[in-house]
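**Q** Got a structure for you, written out below as structure tokens; questions coming shortly.
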Amino acid sequence: MGTPDEGERIAAVTKSELIEVVAQEANLTKGRAELVINTVFDAMVEALQRDEGIEIRGFGSFTVRQYKSYEGRNPRTGDAVHVAPKRLPFFKVGKELRKRINGEHPEGTPPPRRREPPKPAAASPTAKAAPRSEPGVSEDVI
């Protein structure tokens, strides 16, 4: 496994697919799962904006790196271009995640479970869908 050939597409999990997985795993509506995902992402962005690092043990850490301004070159024309200082997020993979990606199982962690695609429910004219909400929590539409 090397780098992808030219024209080869790298598959990626989209935000909507992540929402779908959270909804299924946590038995939430897609709207509630979307709220959870957006809340987590917003909290992470706000922490990075405040120059706070984020550490998720076993997964990795996010930090912000500062880059000074410099004089670059326009590759088409060769003209000098001023590049302003900037801050960019940086992710450092955690040891456990690195091992799991490489097929190793760190001590104390079970192998990842294989996710089966959801089976379509049999359509029954008399069957009603069970509500998917926690007790005492109303279902809001998001």
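Just remember, in the structure tokens the first chain shown is A, the second B, etc., residues are 1-based per chain, and ligands are 1-based in the order shown.
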Could you name the residues that touch Lys95 in chain A at 8 Å or less, counting only C-alpha atoms, but leaving out those on the same chain fewer than 2 positions away, as a count of residues only?
**A** 7
**Q** For Glu55 in chain A, find every residue with an atom within 12 Å (counting only C-alpha atoms), except residues of its own chain fewer than 3 positions away, and show them as a compact mmCIF listing (two decimals) with C-alpha atoms, in the first residue's frame.
**A**
# COMPACT_ATOMS: atom_id res chain seq x y z
CA MET A 44 -12.87 21.40 19.26
CA ALA A 47 -10.51 25.20 21.87
CA LEU A 48 -8.07 25.45 18.94
CA GLU A 52 -5.63 25.15 23.58
CA GLY A 58 -5.53 6.49 22.40
CA PHE A 59 -6.63 8.51 19.37
CA GLY A 60 -4.35 11.52 19.03
CA SER A 61 -3.89 15.18 19.76
CA PHE A 62 -4.69 18.42 17.97
CA THR A 63 -2.57 21.54 18.34
CA PHE A 90 -1.98 19.96 13.34
CA PHE A 91 -2.95 16.39 14.26
CA LYS A 92 -0.56 13.91 15.83
CA VAL A 93 -1.80 10.33 15.78
CA GLY A 94 -1.88 8.44 19.09
**Q** Between CA of Thr14 in chain A and CA of Arg32 in chain A, measure the distance and give it in Å to one decimal.
**A**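 That distance, rounded to one decimal, is 17.1 Å.
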